[in-house]
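Read the structure below first, then the notes.
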Amino acid sequence: MQKIRTIRTIAALKKALRQARDKGKIIGLVPTMGALHEGHLSLIRRSVRQTDFTVVSIFINPTQFAPNEDLSSYPRSLNRDIRLAADAGAHLAFVPAGEVMYPEGFRTEVAVKELSATLCGASRPTHFAGVTTVVAKLFNMVQPDRAYFGRKDAQQAFVIKRMVRDLDMSVRIVVCPTVRESDGLAMSSRNAYLSASQRAQAPVLHRALLGARAEIRSGQRNCAKLKTLVRRTINSANEARIDYVEIVDVCKLQSVRELKEKCLLAVAVFFGSTRLIDNEIVNVYPKGRTSHAVANA
Ligand code: AMP
């Protein structure tokens with residue numbers, strides 16, 4: 001097992017990173033909210049492969065939760081998380097308290113316009129500004145050469161890439177494939193909230209996306225028809241309540257009527273009060289061939 005340092009202050013973090021950088025090490029950052037699972041660990045392992053010094057941040061960021069959301073009940077398992085991060089090869093766990101990230105008097109927000117307002121942003125209007133603000137802070141503190149995000153949260157990855165371009169940040173964003181349970185359910189810390197019957201029904205998200213993919217492969221390009229198909233499949237699970245089913249372009253994340261080139265097919269579905277998301281990127285080639293997303297797209 002890799003020896004890992006756990007650091008709680010920004011001063012100690014910057015000092016450790018200065019030392020690593022002075023030795024010529026390439027720095028990788030994996031931002032998380034903890035309750036680590038194989039999805040997070042795949043990001044950490046990728047960073048360990050591609051960089052010399054991997055920082056995993058574990059911080060349940062209050063500003064990305066709306067008042068009615070699950071901040072207080074979000075799963076917490078810090079000791080286990082640090083052990084798992086170490087096993088995956090991480091060098092440093094940054095575990096700041098709320099007042100370290102948002103001290104008295106904190107007033108600044110980093111927000112990416114438009115891209116933060118569609119899809120999940122429509123039902124969670126303050127969410128992405130919370131994400132981009134905390135990620136911008138982490139980027140400033142760590143100054144990573146590379147930062148690793150999951151395709152599971154596709155909109156988040158697009159929004160962060162836009163922020164990095166718009167604010168001339170010197171970090172390469174690496175987007176890693178969604179890691180799934182054996183029945184296709186995308187791994188998520190929130191899966192722990194599901195009852196047994198909700199858990200049994202939850203793979204319907206992935207099934208619905210695969211159904212749409214098959215239709216696209218057989219030539220369907222009409223997004224209204226594809227969305228109807230996805231909705232029908234999801235609604236076959238009696239505990240599922242659809243938040244959205246959308247097909248958007250990958251530049252502006254705006255709804256498209258006709259599939260062309262690269263699109264994001266994204267869904268958000270409630271099971272009780274637990275909101276699950278999943279997505280597929282669809283590349284449509286001239287002859288009607290489709291392909292899975294290329295990581296880092
Ligand atoms: P979270 O702790 O939920 O904020 O997630 C931290 C990072 O892990 C984000 O970049 C997520 O996109 C990524 N992630 C979460 N679940 C998965 C998954 N099933 N597969 C790949 N990456 C994931």
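Letters A, B, ... mark the chains of the structure tokens in the order given; residue numbers begin at 1 per chain; ligand numbers begin at 1, in order shown.
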Pick out the residues no farther than 6 Å from ligand 1, counting only C-alpha atoms and all ligand atoms, and list them as JSON, numbers by chain.
{"A": [31, 32, 33, 34, 39, 40, 149, 150, 151, 152, 153, 177, 178, 179, 180, 186, 187, 188]}
Please report as a Markdown table every residue of range 79-139 of chain A lying within 9 Å of range 239-255 of chain A, along with the nearest atom pair and their distance in Å (one decimal), using only C-alpha atoms.
| residue | atom | partner | partner_atom | distance |
| --- | --- | --- | --- | --- |
| A:Glu114 | CA | A:Lys252 | CA | 7.5 |
| A:Leu115 | CA | A:Lys252 | CA | 6.1 |
| A:Thr118 | CA | A:Leu253 | CA | 6.8 |
| A:Leu119 | CA | A:Glu246 | CA | 7.2 |
| A:Cys120 | CA | A:Tyr244 | CA | 8.2 |
| A:Ser123 | CA | A:Asp243 | CA | 7.8 |
Report the residues of range 59-205 of chain A whose backbone DSSP state falls under helix (DSSP H, G or I), written as a PyMOL selection string.
chain A and resi 62-64+78-87+98-101+120-123+127-142+151-166+189-193+196-201+204-205
If you run DSSP over the backbone, which residues in range 52-262 of chain A end up strand (DSSP E)? Put them as an MDAnalysis selection string.
chainID A and resid 53:58 92:94 146:150 172:176 240:249 262
Go ahead and save the residues from that selection, with C-alpha atoms, as a PDB file, in the first residue's frame.
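result.pdb written:
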ATOM      1  CA  PHE A  53       2.064  12.782  -7.451  1.00  0.00           C
ATOM      2  CA  THR A  54      -1.678  12.276  -7.004  1.00  0.00           C
ATOM      3  CA  VAL A  55      -3.743  14.488  -4.717  1.00  0.00           C
ATOM      4  CA  VAL A  56      -7.250  13.301  -3.830  1.00  0.00           C
ATOM      5  CA  SER A  57      -9.465  15.945  -2.304  1.00  0.00           C
ATOM      6  CA  ILE A  58     -12.313  14.782  -0.102  1.00  0.00           C
ATOM      7  CA  LEU A  92      -1.914  12.954  -0.571  1.00  0.00           C
ATOM      8  CA  ALA A  93      -5.462  13.239   0.747  1.00  0.00           C
ATOM      9  CA  PHE A  94      -6.609  16.825   1.149  1.00  0.00           C
ATOM     10  CA  ARG A 146      -3.883  17.230 -14.835  1.00  0.00           C
ATOM     11  CA  ALA A 147      -7.249  16.890 -13.123  1.00  0.00           C
ATOM     12  CA  TYR A 148      -9.469  13.828 -13.421  1.00  0.00           C
ATOM     13  CA  PHE A 149     -13.263  13.787 -13.699  1.00  0.00           C
ATOM     14  CA  GLY A 150     -15.839  11.104 -14.471  1.00  0.00           C
ATOM     15  CA  ARG A 172      -5.448  19.459 -18.543  1.00  0.00           C
ATOM     16  CA  ILE A 173      -8.871  18.003 -17.833  1.00  0.00           C
ATOM     17  CA  VAL A 174      -9.005  14.233 -18.244  1.00  0.00           C
ATOM     18  CA  VAL A 175     -12.482  12.687 -18.452  1.00  0.00           C
ATOM     19  CA  CYS A 176     -12.630   8.990 -17.533  1.00  0.00           C
ATOM     20  CA  ALA A 240     -38.983   5.754 -11.364  1.00  0.00           C
ATOM     21  CA  ARG A 241     -39.977   9.414 -11.748  1.00  0.00           C
ATOM     22  CA  ILE A 242     -38.252  11.133 -14.668  1.00  0.00           C
ATOM     23  CA  ASP A 243     -36.633  14.522 -14.032  1.00  0.00           C
ATOM     24  CA  TYR A 244     -35.402  14.866 -17.615  1.00  0.00           C
ATOM     25  CA  VAL A 245     -34.528  12.919 -20.746  1.00  0.00           C
ATOM     26  CA  GLU A 246     -32.504  15.118 -23.096  1.00  0.00           C
ATOM     27  CA  ILE A 247     -30.402  14.989 -26.216  1.00  0.00           C
ATOM     28  CA  VAL A 248     -28.082  17.973 -26.534  1.00  0.00           C
ATOM     29  CA  ASP A 249     -25.147  19.118 -28.609  1.00  0.00           C
ATOM     30  CA  LYS A 262     -21.582  14.153 -31.508  1.00  0.00           C
TER      31      LYS A 262
END
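Shortest atom-to-atom contact with Phe158 in chain A among A:Thr132, A:Gln201, A:Ser182, A:Asn222: A:Thr132, counting only C-alpha atoms.
Distances to Ile27 in chain A were evaluated for A:Ile10, A:Val142, A:Ala88, A:Ala122 using only C-alpha atoms, and the minimum falls at A:Val142.
Among the candidates A:Leu17, A:Leu226, A:Met169, A:Leu210, the residue lying nearest to Gly184 in chain A is A:Leu210 (atoms considered: only C-alpha atoms).
You will find CA of Lys225 in chain A at 12.1 Å from CA of Val256 in chain A.
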Would you pick out the contacts of Arg45 in chain A at 7 Å or less, using only C-alpha atoms, so that residues sharing its chain but fewer than 3 positions from it are not included, and give the list as a count of residues only?
6
I want to know what sits within 8 Å of Thr108 in chain A, based on only C-alpha atoms, with residues of the same chain fewer than 2 positions away left out; could you give that as a list in words?
Phe106, Val110 and Thr133 of chain A
For each of A:His91, A:Arg124, A:Arg162, A:Arg21, take the minimum atom-to-atom distance to Asn68 in chain A, counting only C-alpha atoms, then give the residue where this is smallest.
A:Arg124
Counting only C-alpha atoms, what is within 6 Å of Gln64 in chain A, bar same-chain residues fewer than 4 positions away, as a ChimeraX atom specification?
/A:127,130-131
Could you save those same residues with N, CA and C atoms as an mmCIF file, in the first residue's frame?
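The new file result.cif reads:
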data_model
loop_
_atom_site.group_PDB
_atom_site.id
_atom_site.type_symbol
_atom_site.label_atom_id
_atom_site.label_comp_id
_atom_site.auth_asym_id
_atom_site.auth_seq_id
_atom_site.Cartn_x
_atom_site.Cartn_y
_atom_site.Cartn_z
ATOM 1 N N HIS A 127 -26.427 24.548 -8.498
ATOM 2 C CA HIS A 127 -25.471 23.448 -8.330
ATOM 3 C C HIS A 127 -24.105 23.718 -8.985
ATOM 4 N N GLY A 130 -21.674 26.186 -7.550
ATOM 5 C CA GLY A 130 -21.001 25.608 -6.383
ATOM 6 C C GLY A 130 -19.836 24.722 -6.797
ATOM 7 N N VAL A 131 -20.066 23.932 -7.847
ATOM 8 C CA VAL A 131 -19.015 23.021 -8.336
ATOM 9 C C VAL A 131 -17.843 23.830 -8.907
#
